[in-house]
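Step one of this worksheet: look at the structure below.
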Amino acid sequence: MGDLIKNKRIVLKIGSSSLTSAQGEMSHRKLERVVNEVVSLKDAGFEVLLVSSGAIAAGYRKLGCLTRPTTLAEEQAAASIGQVELIRTYADLLLEHGYVGSQILLTKSDFSNQGRSLNARNTINVLLERGIIPIINENDTVSMTSLRFGDNDTLGAEVSCLVTADFYMILSDVDGLFRGNPRTDPAATLVHEVFGITAEIEALAGGGGSNRGTGGMKSKIEAFKQTLDHGILSFLGDASVSGIAIQALAQKAKGTYFYPENLRTQEDAKEVAFYMQPK
Ligand SMILES: Nc1ncnc2c1ncn2[C@@H]1O[C@H](COP(=O)(O)OP(=O)(O)O)[C@@H](O)[C@H]1O
Ligand SMILES: N[C@@H](CCC(=O)OP(=O)(O)O)C(=O)O
């Protein structure tokens, strides 16, 4: 069974809303949870890239702001403080489990530059070959408003395509995609499977995000549009569910699965579930 997953590449994106307290500050306990998910994937033999937000949340207090800043310059300054804290915490926690983490900061323009994207891919490949976990965030300081990811959902999708990932998993503060924003419509029901990003699916994502995240569902759907176009099986689930990453790969998790065109039948999906089955 172990051979089935050898070198299977998972991109796991975790948003600010799942790394922060209700007040918007970074939560050590929540970072520990993320690390546990990453470690469970590594222990099962997967290659893991972690795309993590949280730099602004981790830094704004030390910048002297009482609440999460809203001007670009302050966000960037907060991120430059918080990124240090974020990566140090991840690296320390991973090391406790015997894994090494590395930091990669990228901008949107890096992906449209052939030379820079090739360098990023080569770097990531070397890290993954050696069992290291690249921890990726946007390079906030140099990102301009007009050319900025802002949210990390689409950054995670770009990374998934860059490294030809087998699975793109976004863990957030909701169980998946609902037929309406569950914060404002408690009766909204969960969509379990999505076979292509249609206008109907896009319409479900109209609502904004939590006050701690930036992208909301809109950017997640945009991100899945990209991964599905590239044939990458994708998933959205709740970061607070312990063991969700492994369950998601076995297609047994509560959440929303997004199937690319090449995996649109029940039989195809079953085959993938078998293929991605952990040891
Ligand atoms: N159709 C929908 N289904 C689920 N969540 C939705 C929907 N529309 C809007 N949302 C909101 O999106 C939020 C998640 O996005 P966001 O706060 O940006 O999280 P993250 O920090 O994980 O990226 C949810 O808390 C929810 O309020
Ligand atoms: N890159 C920034 C902002 C990213 C952000 O908030 O994204 P998300 O949580 O995906 O909506 C950070 O690390 O704080």
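Identifiers in the structure tokens: chain A, B, ... in order shown; residue index from 1 per chain; ligand index from 1 in order shown.
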
For this session: Using only C-alpha atoms and all ligand atoms, find each protein or nucleic acid residue lying at most 10 Å from ligand 1; present the set as a PyMOL selection string.
Result: chain A and resi 13-20+52-54+151-153+170-185+188-191+201-221+236-239+256

Exercise. So which residues touch Ile104 of chain A within 12 Å, counting only C-alpha atoms, skipping near sequence neighbours fewer than 4 positions away, as a PyMOL selection string?
Worked result: chain A and resi 49-52+83+87+110+119-121+123-124+127+133-140+155+159

Between segment 227-251 of chain A and segment 23-32 of chain A, at 12 Å or less, what are the per-residue closest atom pairs and their distances in Å? Count only C-alpha atoms, order by chain and rising residue number, and return it as CSV.
```
residue,atom,partner,partner_atom,distance
A:Ala239,CA,A:Lys30,CA,8.9
A:Ser240,CA,A:Lys30,CA,8.1
A:Val241,CA,A:Lys30,CA,11.2
A:Ser242,CA,A:Lys30,CA,11.0
```

Problem set entry | Residues near Lys108 of chain A, cut-off 12 Å, only C-alpha atoms, skip fewer than 3 positions along chain, as JSON, numbers by chain | {"A": [105, 111, 112, 113, 116, 117, 137, 138, 139, 140, 142, 143, 144, 145, 146, 147, 148, 149, 150, 151, 152, 154, 155, 156, 157, 158, 159]}

Prev. selection, N, CA and C atoms, output as a compact mmCIF listing (two decimals), in the first residue's frame:
```txt
# COMPACT_ATOMS: atom_id res chain seq x y z
N LEU A 105 8.96 32.59 0.07
CA LEU A 105 8.04 33.72 -0.09
C LEU A 105 7.96 34.07 -1.57
N PHE A 111 5.25 33.97 -10.76
CA PHE A 111 4.66 32.86 -11.52
C PHE A 111 4.59 33.16 -13.02
N SER A 112 4.60 34.48 -13.36
CA SER A 112 4.54 34.80 -14.79
C SER A 112 5.93 35.02 -15.37
N ASN A 113 6.96 34.89 -14.53
CA ASN A 113 8.34 35.04 -15.00
C ASN A 113 8.95 33.64 -15.12
N ARG A 116 12.12 32.91 -12.89
CA ARG A 116 11.88 32.85 -11.43
C ARG A 116 11.01 31.65 -11.06
N SER A 117 10.00 31.36 -11.91
CA SER A 117 9.14 30.21 -11.56
C SER A 117 9.93 28.90 -11.69
N ASN A 137 4.40 31.44 1.70
CA ASN A 137 3.48 32.54 1.91
C ASN A 137 3.76 33.56 0.82
N GLU A 138 2.87 34.54 0.71
CA GLU A 138 3.14 35.63 -0.24
C GLU A 138 4.22 36.53 0.34
N ASN A 139 5.09 37.03 -0.53
CA ASN A 139 6.11 37.99 -0.09
C ASN A 139 5.42 39.35 0.00
N ASP A 140 4.74 39.55 1.12
CA ASP A 140 3.85 40.71 1.26
C ASP A 140 4.53 42.06 1.05
N VAL A 142 6.77 43.22 -0.90
CA VAL A 142 6.99 43.76 -2.25
C VAL A 142 5.76 43.61 -3.15
N SER A 143 4.68 43.03 -2.63
CA SER A 143 3.50 42.81 -3.47
C SER A 143 2.70 44.10 -3.61
N MET A 144 2.46 44.51 -4.85
CA MET A 144 1.71 45.75 -5.10
C MET A 144 0.22 45.43 -5.15
N THR A 145 -0.59 46.40 -4.78
CA THR A 145 -2.04 46.19 -4.73
C THR A 145 -2.56 45.54 -6.00
N SER A 146 -2.10 46.05 -7.15
CA SER A 146 -2.66 45.58 -8.42
C SER A 146 -2.14 44.19 -8.79
N LEU A 147 -1.05 43.77 -8.16
CA LEU A 147 -0.46 42.48 -8.54
C LEU A 147 -0.22 41.67 -7.28
N ARG A 148 -1.29 41.49 -6.53
CA ARG A 148 -1.13 40.85 -5.23
C ARG A 148 -2.12 39.70 -5.13
N PHE A 149 -1.70 38.59 -4.53
CA PHE A 149 -2.67 37.53 -4.28
C PHE A 149 -3.65 38.01 -3.22
N GLY A 150 -3.10 38.58 -2.11
CA GLY A 150 -3.96 39.06 -1.02
C GLY A 150 -4.42 37.91 -0.15
N ASP A 151 -5.18 37.00 -0.76
CA ASP A 151 -5.53 35.76 -0.05
C ASP A 151 -4.53 34.70 -0.49
N ASN A 152 -4.46 33.61 0.24
CA ASN A 152 -3.49 32.57 -0.15
C ASN A 152 -4.13 31.40 -0.88
N THR A 154 -5.46 31.42 -3.93
CA THR A 154 -4.98 31.39 -5.31
C THR A 154 -3.46 31.19 -5.37
N LEU A 155 -2.76 31.65 -4.34
CA LEU A 155 -1.31 31.35 -4.27
C LEU A 155 -1.13 29.82 -4.18
N GLY A 156 -1.94 29.19 -3.34
CA GLY A 156 -1.86 27.73 -3.19
C GLY A 156 -2.16 27.01 -4.51
N ALA A 157 -3.11 27.56 -5.28
CA ALA A 157 -3.45 26.94 -6.57
C ALA A 157 -2.27 27.09 -7.54
N GLU A 158 -1.68 28.27 -7.56
CA GLU A 158 -0.51 28.50 -8.45
C GLU A 158 0.62 27.53 -8.09
N VAL A 159 0.85 27.38 -6.78
CA VAL A 159 1.91 26.48 -6.32
C VAL A 159 1.58 25.05 -6.75
```
